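Undergrad: Coordinates in model.pdb, PDB, N, CA and C atoms, pLDDT in the B column, are listed below.
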ATOM      1  N   MET R  13       4.354  -7.481 -18.360  1.00 34.00           N
ATOM      2  CA  MET R  13       3.410  -7.845 -17.315  1.00 34.00           C
ATOM      3  C   MET R  13       3.738  -7.060 -16.056  1.00 34.00           C
ATOM      4  N   SER R  14       2.735  -6.404 -15.501  1.00 43.00           N
ATOM      5  CA  SER R  14       2.963  -5.620 -14.281  1.00 43.00           C
ATOM      6  C   SER R  14       2.959  -6.530 -13.065  1.00 43.00           C
ATOM      7  N   GLY R  15       3.389  -5.992 -11.924  1.00 42.00           N
ATOM      8  CA  GLY R  15       3.435  -6.764 -10.698  1.00 42.00           C
ATOM      9  C   GLY R  15       2.078  -7.306 -10.293  1.00 42.00           C
ATOM     10  N   SER R  16       1.005  -6.515 -10.495  1.00 43.00           N
ATOM     11  CA  SER R  16      -0.305  -6.983 -10.091  1.00 43.00           C
ATOM     12  C   SER R  16      -0.789  -8.108 -10.998  1.00 43.00           C
ATOM     13  N   GLU R  17      -0.422  -8.095 -12.278  1.00 47.00           N
ATOM     14  CA  GLU R  17      -0.822  -9.154 -13.186  1.00 47.00           C
ATOM     15  C   GLU R  17      -0.101 -10.453 -12.855  1.00 47.00           C
ATOM     16  N   SER R  18       1.147 -10.354 -12.397  1.00 51.00           N
ATOM     17  CA  SER R  18       1.923 -11.549 -12.119  1.00 51.00           C
ATOM     18  C   SER R  18       1.726 -12.038 -10.683  1.00 51.00           C
ATOM     19  N   GLY R  19       0.970 -11.301  -9.867  1.00 65.00           N
ATOM     20  CA  GLY R  19       0.802 -11.666  -8.467  1.00 65.00           C
ATOM     21  C   GLY R  19       1.983 -11.249  -7.623  1.00 65.00           C
ATOM     22  N   GLY R  20       2.872 -10.428  -8.173  1.00 94.00           N
ATOM     23  CA  GLY R  20       4.060  -9.981  -7.459  1.00 94.00           C
ATOM     24  C   GLY R  20       3.748  -8.916  -6.433  1.00 94.00           C
ATOM     25  N   TRP R  21       4.708  -8.687  -5.565  1.00 98.00           N
ATOM     26  CA  TRP R  21       4.546  -7.697  -4.502  1.00 98.00           C
ATOM     27  C   TRP R  21       4.811  -6.297  -5.011  1.00 98.00           C
ATOM     28  N   GLN R  22       4.132  -5.329  -4.378  1.00 98.00           N
ATOM     29  CA  GLN R  22       4.275  -3.924  -4.745  1.00 98.00           C
ATOM     30  C   GLN R  22       4.280  -3.066  -3.484  1.00 98.00           C
ATOM     31  N   LEU R  23       5.081  -2.027  -3.528  1.00 98.00           N
ATOM     32  CA  LEU R  23       5.066  -0.983  -2.500  1.00 98.00           C
ATOM     33  C   LEU R  23       4.097   0.073  -2.997  1.00 98.00           C
ATOM     34  N   TYR R  24       3.246   0.592  -2.117  1.00 98.00           N
ATOM     35  CA  TYR R  24       2.313   1.632  -2.550  1.00 98.00           C
ATOM     36  C   TYR R  24       2.292   2.781  -1.558  1.00 98.00           C
ATOM     37  N   LEU R  25       1.928   3.957  -2.063  1.00 98.00           N
ATOM     38  CA  LEU R  25       1.748   5.138  -1.229  1.00 98.00           C
ATOM     39  C   LEU R  25       0.331   5.649  -1.408  1.00 98.00           C
ATOM     40  N   LEU R  26      -0.316   5.963  -0.288  1.00 97.00           N
ATOM     41  CA  LEU R  26      -1.644   6.566  -0.289  1.00 97.00           C
ATOM     42  C   LEU R  26      -1.534   7.966   0.272  1.00 97.00           C
ATOM     43  N   ARG R  27      -2.349   8.871  -0.237  1.00 97.00           N
ATOM     44  CA  ARG R  27      -2.461  10.221   0.333  1.00 97.00           C
ATOM     45  C   ARG R  27      -3.822  10.292   1.024  1.00 97.00           C
ATOM     46  N   THR R  28      -3.820  10.766   2.262  1.00 96.00           N
ATOM     47  CA  THR R  28      -5.063  10.898   3.030  1.00 96.00           C
ATOM     48  C   THR R  28      -5.733  12.226   2.689  1.00 96.00           C
ATOM     49  N   GLY R  29      -6.933  12.394   3.203  1.00 95.00           N
ATOM     50  CA  GLY R  29      -7.669  13.630   2.983  1.00 95.00           C
ATOM     51  C   GLY R  29      -6.940  14.858   3.494  1.00 95.00           C
ATOM     52  N   SER R  30      -6.090  14.694   4.518  1.00 95.00           N
ATOM     53  CA  SER R  30      -5.341  15.830   5.070  1.00 95.00           C
ATOM     54  C   SER R  30      -3.992  16.021   4.379  1.00 95.00           C
ATOM     55  N   GLY R  31      -3.683  15.134   3.404  1.00 96.00           N
ATOM     56  CA  GLY R  31      -2.443  15.299   2.648  1.00 96.00           C
ATOM     57  C   GLY R  31      -1.272  14.484   3.157  1.00 96.00           C
ATOM     58  N   THR R  32      -1.434  13.749   4.253  1.00 95.00           N
ATOM     59  CA  THR R  32      -0.327  12.931   4.734  1.00 95.00           C
ATOM     60  C   THR R  32      -0.207  11.670   3.879  1.00 95.00           C
ATOM     61  N   LEU R  33       0.989  11.091   3.879  1.00 96.00           N
ATOM     62  CA  LEU R  33       1.239   9.890   3.092  1.00 96.00           C
ATOM     63  C   LEU R  33       1.301   8.665   3.990  1.00 96.00           C
ATOM     64  N   TYR R  34       0.835   7.553   3.468  1.00 97.00           N
ATOM     65  CA  TYR R  34       0.866   6.258   4.137  1.00 97.00           C
ATOM     66  C   TYR R  34       1.489   5.277   3.160  1.00 97.00           C
ATOM     67  N   THR R  35       2.394   4.439   3.618  1.00 97.00           N
ATOM     68  CA  THR R  35       2.987   3.430   2.746  1.00 97.00           C
ATOM     69  C   THR R  35       2.643   2.038   3.233  1.00 97.00           C
ATOM     70  N   GLY R  36       2.521   1.127   2.287  1.00 97.00           N
ATOM     71  CA  GLY R  36       2.233  -0.263   2.605  1.00 97.00           C
ATOM     72  C   GLY R  36       2.708  -1.150   1.472  1.00 97.00           C
ATOM     73  N   ILE R  37       2.534  -2.457   1.649  1.00 98.00           N
ATOM     74  CA  ILE R  37       2.888  -3.413   0.605  1.00 98.00           C
ATOM     75  C   ILE R  37       1.691  -4.322   0.361  1.00 98.00           C
ATOM     76  N   SER R  38       1.567  -4.794  -0.870  1.00 97.00           N
ATOM     77  CA  SER R  38       0.453  -5.654  -1.233  1.00 97.00           C
ATOM     78  C   SER R  38       0.735  -6.304  -2.580  1.00 97.00           C
ATOM     79  N   THR R  39       0.031  -7.381  -2.858  1.00 97.00           N
ATOM     80  CA  THR R  39       0.081  -7.956  -4.198  1.00 97.00           C
ATOM     81  C   THR R  39      -0.962  -7.306  -5.090  1.00 97.00           C
ATOM     82  N   ASP R  40      -1.860  -6.517  -4.503  1.00 97.00           N
ATOM     83  CA  ASP R  40      -2.912  -5.833  -5.260  1.00 97.00           C
ATOM     84  C   ASP R  40      -3.254  -4.507  -4.570  1.00 97.00           C
ATOM     85  N   PRO R  41      -2.512  -3.441  -4.879  1.00 97.00           N
ATOM     86  CA  PRO R  41      -2.734  -2.154  -4.201  1.00 97.00           C
ATOM     87  C   PRO R  41      -4.152  -1.586  -4.366  1.00 97.00           C
ATOM     88  N   GLU R  42      -4.790  -1.808  -5.514  1.00 97.00           N
ATOM     89  CA  GLU R  42      -6.164  -1.311  -5.705  1.00 97.00           C
ATOM     90  C   GLU R  42      -7.119  -1.997  -4.732  1.00 97.00           C
ATOM     91  N   ARG R  43      -6.988  -3.317  -4.579  1.00 96.00           N
ATOM     92  CA  ARG R  43      -7.812  -4.052  -3.625  1.00 96.00           C
ATOM     93  C   ARG R  43      -7.519  -3.581  -2.204  1.00 96.00           C
ATOM     94  N   ARG R  44      -6.238  -3.356  -1.907  1.00 96.00           N
ATOM     95  CA  ARG R  44      -5.844  -2.924  -0.558  1.00 96.00           C
ATOM     96  C   ARG R  44      -6.411  -1.547  -0.252  1.00 96.00           C
ATOM     97  N   LEU R  45      -6.405  -0.649  -1.236  1.00 96.00           N
ATOM     98  CA  LEU R  45      -7.007   0.673  -1.060  1.00 96.00           C
ATOM     99  C   LEU R  45      -8.484   0.524  -0.697  1.00 96.00           C
ATOM    100  N   GLN R  46      -9.178  -0.355  -1.396  1.00 95.00           N
ATOM    101  CA  GLN R  46     -10.588  -0.587  -1.106  1.00 95.00           C
ATOM    102  C   GLN R  46     -10.762  -1.126   0.312  1.00 95.00           C
ATOM    103  N   GLU R  47      -9.883  -2.025   0.739  1.00 95.00           N
ATOM    104  CA  GLU R  47      -9.949  -2.534   2.117  1.00 95.00           C
ATOM    105  C   GLU R  47      -9.719  -1.414   3.120  1.00 95.00           C
ATOM    106  N   HIS R  48      -8.763  -0.538   2.856  1.00 94.00           N
ATOM    107  CA  HIS R  48      -8.502   0.581   3.769  1.00 94.00           C
ATOM    108  C   HIS R  48      -9.736   1.476   3.883  1.00 94.00           C
ATOM    109  N   GLU R  49     -10.447   1.652   2.768  1.00 93.00           N
ATOM    110  CA  GLU R  49     -11.597   2.553   2.757  1.00 93.00           C
ATOM    111  C   GLU R  49     -12.862   1.929   3.329  1.00 93.00           C
ATOM    112  N   GLU R  50     -13.058   0.616   3.125  1.00 90.00           N
ATOM    113  CA  GLU R  50     -14.373   0.032   3.380  1.00 90.00           C
ATOM    114  C   GLU R  50     -14.407  -1.122   4.363  1.00 90.00           C
ATOM    115  N   SER R  51     -13.275  -1.642   4.773  1.00 85.00           N
ATOM    116  CA  SER R  51     -13.267  -2.896   5.503  1.00 85.00           C
ATOM    117  C   SER R  51     -12.559  -2.768   6.849  1.00 85.00           C
ATOM    118  N   PRO R  52     -12.936  -3.602   7.807  1.00 86.00           N
ATOM    119  CA  PRO R  52     -12.189  -3.635   9.065  1.00 86.00           C
ATOM    120  C   PRO R  52     -10.764  -4.165   8.873  1.00 86.00           C
ATOM    121  N   ARG R  53     -10.469  -4.743   7.710  1.00 87.00           N
ATOM    122  CA  ARG R  53      -9.117  -5.219   7.411  1.00 87.00           C
ATOM    123  C   ARG R  53      -8.163  -4.067   7.068  1.00 87.00           C
ATOM    124  N   GLY R  54      -8.689  -2.855   6.928  1.00 89.00           N
ATOM    125  CA  GLY R  54      -7.853  -1.703   6.634  1.00 89.00           C
ATOM    126  C   GLY R  54      -7.022  -1.293   7.841  1.00 89.00           C
ATOM    127  N   ALA R  55      -5.967  -0.548   7.588  1.00 90.00           N
ATOM    128  CA  ALA R  55      -5.064  -0.105   8.647  1.00 90.00           C
ATOM    129  C   ALA R  55      -5.772   0.861   9.605  1.00 90.00           C
ATOM    130  N   ARG R  56      -5.570   0.645  10.890  1.00 89.00           N
ATOM    131  CA  ARG R  56      -6.150   1.551  11.897  1.00 89.00           C
ATOM    132  C   ARG R  56      -5.685   2.983  11.696  1.00 89.00           C
ATOM    133  N   ALA R  57      -4.442   3.144  11.271  1.00 90.00           N
ATOM    134  CA  ALA R  57      -3.881   4.490  11.090  1.00 90.00           C
ATOM    135  C   ALA R  57      -4.644   5.300  10.046  1.00 90.00           C
ATOM    136  N   LEU R  58      -5.402   4.640   9.190  1.00 93.00           N
ATOM    137  CA  LEU R  58      -6.119   5.340   8.119  1.00 93.00           C
ATOM    138  C   LEU R  58      -7.595   5.545   8.415  1.00 93.00           C
ATOM    139  N   ARG R  59      -8.100   4.993   9.497  1.00 90.00           N
ATOM    140  CA  ARG R  59      -9.524   5.123   9.796  1.00 90.00           C
ATOM    141  C   ARG R  59      -9.891   6.574  10.057  1.00 90.00           C
ATOM    142  N   GLY R  60     -10.915   7.033   9.352  1.00 89.00           N
ATOM    143  CA  GLY R  60     -11.388   8.406   9.503  1.00 89.00           C
ATOM    144  C   GLY R  60     -10.495   9.435   8.842  1.00 89.00           C
ATOM    145  N   ARG R  61      -9.564   9.012   8.019  1.00 90.00           N
ATOM    146  CA  ARG R  61      -8.630   9.947   7.386  1.00 90.00           C
ATOM    147  C   ARG R  61      -8.853  10.082   5.884  1.00 90.00           C
ATOM    148  N   GLY R  62     -10.008   9.638   5.403  1.00 86.00           N
ATOM    149  CA  GLY R  62     -10.306   9.691   3.964  1.00 86.00           C
ATOM    150  C   GLY R  62     -10.684  11.080   3.522  1.00 86.00           C
ATOM    151  N   PRO R  63     -10.870  11.254   2.232  1.00 94.00           N
ATOM    152  CA  PRO R  63     -10.738  10.219   1.209  1.00 94.00           C
ATOM    153  C   PRO R  63      -9.274   9.837   0.982  1.00 94.00           C
ATOM    154  N   LEU R  64      -9.078   8.596   0.556  1.00 96.00           N
ATOM    155  CA  LEU R  64      -7.732   8.093   0.287  1.00 96.00           C
ATOM    156  C   LEU R  64      -7.496   8.052  -1.215  1.00 96.00           C
ATOM    157  N   GLU R  65      -6.265   8.360  -1.588  1.00 97.00           N
ATOM    158  CA  GLU R  65      -5.899   8.356  -3.002  1.00 97.00           C
ATOM    159  C   GLU R  65      -4.609   7.555  -3.170  1.00 97.00           C
ATOM    160  N   LEU R  66      -4.630   6.594  -4.075  1.00 97.00           N
ATOM    161  CA  LEU R  66      -3.435   5.826  -4.407  1.00 97.00           C
ATOM    162  C   LEU R  66      -2.573   6.705  -5.305  1.00 97.00           C
ATOM    163  N   VAL R  67      -1.370   7.083  -4.825  1.00 97.00           N
ATOM    164  CA  VAL R  67      -0.552   8.036  -5.571  1.00 97.00           C
ATOM    165  C   VAL R  67       0.711   7.432  -6.175  1.00 97.00           C
ATOM    166  N   TYR R  68       1.117   6.229  -5.728  1.00 97.00           N
ATOM    167  CA  TYR R  68       2.359   5.645  -6.253  1.00 97.00           C
ATOM    168  C   TYR R  68       2.359   4.148  -6.021  1.00 97.00           C
ATOM    169  N   VAL R  69       2.799   3.406  -7.034  1.00 98.00           N
ATOM    170  CA  VAL R  69       2.944   1.949  -6.927  1.00 98.00           C
ATOM    171  C   VAL R  69       4.282   1.571  -7.543  1.00 98.00           C
ATOM    172  N   LEU R  70       5.058   0.780  -6.820  1.00 98.00           N
ATOM    173  CA  LEU R  70       6.363   0.318  -7.296  1.00 98.00           C
ATOM    174  C   LEU R  70       6.404  -1.207  -7.247  1.00 98.00           C
ATOM    175  N   PRO R  71       6.420  -1.882  -8.407  1.00 97.00           N
ATOM    176  CA  PRO R  71       6.568  -3.341  -8.397  1.00 97.00           C
ATOM    177  C   PRO R  71       7.962  -3.715  -7.895  1.00 97.00           C
ATOM    178  N   VAL R  72       8.030  -4.774  -7.091  1.00 97.00           N
ATOM    179  CA  VAL R  72       9.301  -5.261  -6.550  1.00 97.00           C
ATOM    180  C   VAL R  72       9.399  -6.765  -6.778  1.00 97.00           C
ATOM    181  N   ARG R  73      10.596  -7.314  -6.525  1.00 96.00           N
ATOM    182  CA  ARG R  73      10.834  -8.737  -6.808  1.00 96.00           C
ATOM    183  C   ARG R  73      10.039  -9.685  -5.936  1.00 96.00           C
ATOM    184  N   ASP R  74       9.992  -9.397  -4.629  1.00 96.00           N
ATOM    185  CA  ASP R  74       9.377 -10.343  -3.703  1.00 96.00           C
ATOM    186  C   ASP R  74       8.951  -9.618  -2.429  1.00 96.00           C
ATOM    187  N   ARG R  75       8.311 -10.358  -1.529  1.00 97.00           N
ATOM    188  CA  ARG R  75       7.812  -9.755  -0.287  1.00 97.00           C
ATOM    189  C   ARG R  75       8.950  -9.203   0.569  1.00 97.00           C
ATOM    190  N   SER R  76      10.072  -9.900   0.603  1.00 97.00           N
ATOM    191  CA  SER R  76      11.209  -9.460   1.404  1.00 97.00           C
ATOM    192  C   SER R  76      11.690  -8.079   0.957  1.00 97.00           C
ATOM    193  N   GLU R  77      11.844  -7.913  -0.347  1.00 97.00           N
ATOM    194  CA  GLU R  77      12.268  -6.605  -0.863  1.00 97.00           C
ATOM    195  C   GLU R  77      11.206  -5.547  -0.576  1.00 97.00           C
ATOM    196  N   ALA R  78       9.944  -5.908  -0.741  1.00 97.00           N
ATOM    197  CA  ALA R  78       8.860  -4.963  -0.469  1.00 97.00           C
ATOM    198  C   ALA R  78       8.895  -4.504   0.987  1.00 97.00           C
ATOM    199  N   SER R  79       9.107  -5.435   1.898  1.00 97.00           N
ATOM    200  CA  SER R  79       9.167  -5.093   3.323  1.00 97.00           C
ATOM    201  C   SER R  79      10.351  -4.190   3.642  1.00 97.00           C
ATOM    202  N   ARG R  80      11.500  -4.483   3.041  1.00 97.00           N
ATOM    203  CA  ARG R  80      12.692  -3.624   3.253  1.00 97.00           C
ATOM    204  C   ARG R  80      12.429  -2.211   2.741  1.00 97.00           C
ATOM    205  N   LEU R  81      11.847  -2.094   1.557  1.00 97.00           N
ATOM    206  CA  LEU R  81      11.563  -0.766   1.008  1.00 97.00           C
ATOM    207  C   LEU R  81      10.535  -0.021   1.849  1.00 97.00           C
ATOM    208  N   GLU R  82       9.516  -0.730   2.323  1.00 97.00           N
ATOM    209  CA  GLU R  82       8.504  -0.099   3.173  1.00 97.00           C
ATOM    210  C   GLU R  82       9.151   0.468   4.439  1.00 97.00           C
ATOM    211  N   ALA R  83      10.021  -0.312   5.056  1.00 97.00           N
ATOM    212  CA  ALA R  83      10.706   0.156   6.262  1.00 97.00           C
ATOM    213  C   ALA R  83      11.571   1.375   5.960  1.00 97.00           C
ATOM    214  N   ALA R  84      12.251   1.372   4.829  1.00 97.00           N
ATOM    215  CA  ALA R  84      13.097   2.508   4.454  1.00 97.00           C
ATOM    216  C   ALA R  84      12.265   3.762   4.230  1.00 97.00           C
ATOM    217  N   VAL R  85      11.120   3.620   3.576  1.00 95.00           N
ATOM    218  CA  VAL R  85      10.247   4.775   3.327  1.00 95.00           C
ATOM    219  C   VAL R  85       9.728   5.325   4.649  1.00 95.00           C
ATOM    220  N   LYS R  86       9.351   4.441   5.558  1.00 94.00           N
ATOM    221  CA  LYS R  86       8.799   4.886   6.839  1.00 94.00           C
ATOM    222  C   LYS R  86       9.852   5.574   7.714  1.00 94.00           C
ATOM    223  N   ARG R  87      11.124   5.222   7.508  1.00 93.00           N
ATOM    224  CA  ARG R  87      12.190   5.903   8.258  1.00 93.00           C
ATOM    225  C   ARG R  87      12.351   7.300   7.724  1.00 93.00           C
TER     226      ARG R  87
END
Please express what this file holds, its structure, as structure tokens.
TA:
Amino acid sequence: MSGSESGGWQLYLLRTGSGTLYTGISTDPERRLQEHEESPRGARALRGRGPLELVYVLPVRDRSEASRLEAAVKR
């Protein structure tokens, strides 16, 4: 069972239209990608930077671990 099937947290990486990478955490990276592309709930940092491509997903144990990994990637 993958993280998305179990409702578990995942770290994800998106590539913007200009080739830069964005990292985030979610229980459903595909849904989050759609929010980034189509909804005001998407990250401000990604507005106008499409098209967006989901390039990596890493299932993790819990939100705490996901947040730690996200911070490490951003550093």
Undergrad: Under the PyMOL selection byres ((chain R and resi 34-42) around 6.5), which residues of this model are included? Write them out as a list in words.
TA: Gly15, Ser16, Gly19, Gly20, Trp21, Gln22, Leu23, Tyr24, Leu25, Leu26, Arg27, Thr28, Thr32, Leu33, Arg43, Arg44, Leu45, Gln46, Glu47, Ala78 and Glu82 of chain R
Undergrad: Going by DSSP on the backbone, which bits of chain R are alpha helix (DSSP H)? Write them as number ranges by chain, please.
TA: R: 15-18, 41-50, 75-86
Undergrad: Looking at R:Val85, R:Asp74, R:Arg80, R:Gly31, which one is nearest to R:Arg61, with distances taken over all atoms listed in the file?
TA: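 Of the candidates, the smallest distance to R:Arg61 is held by R:Gly31.
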Undergrad: Run DSSP on the backbone of this structure and report the residues of chain R it assigns to strand (DSSP E or B), as an MDAnalysis selection string.
TA: chainID R and resid 22:27 33:38 65:71
Undergrad: Quote the spacing between atom CA of R:Glu49 and atom N of R:Leu64 in Å to one decimal place.
TA: 6.9 Å
Undergrad: Which distance in Å separates atom CA of R:Ala57 and atom CA of R:Arg73, to one decimal?
TA: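 Pair atom CA of R:Ala57 / atom CA of R:Arg73 returns 26.7 Å.
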Undergrad: Report the distance between atom N of R:Leu58 and atom CA of R:Lys86 in Å, rounded to one decimal place.
TA: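 Taking atom N of R:Leu58 as the start and atom CA of R:Lys86 as the end point, the length is 14.4 Å.
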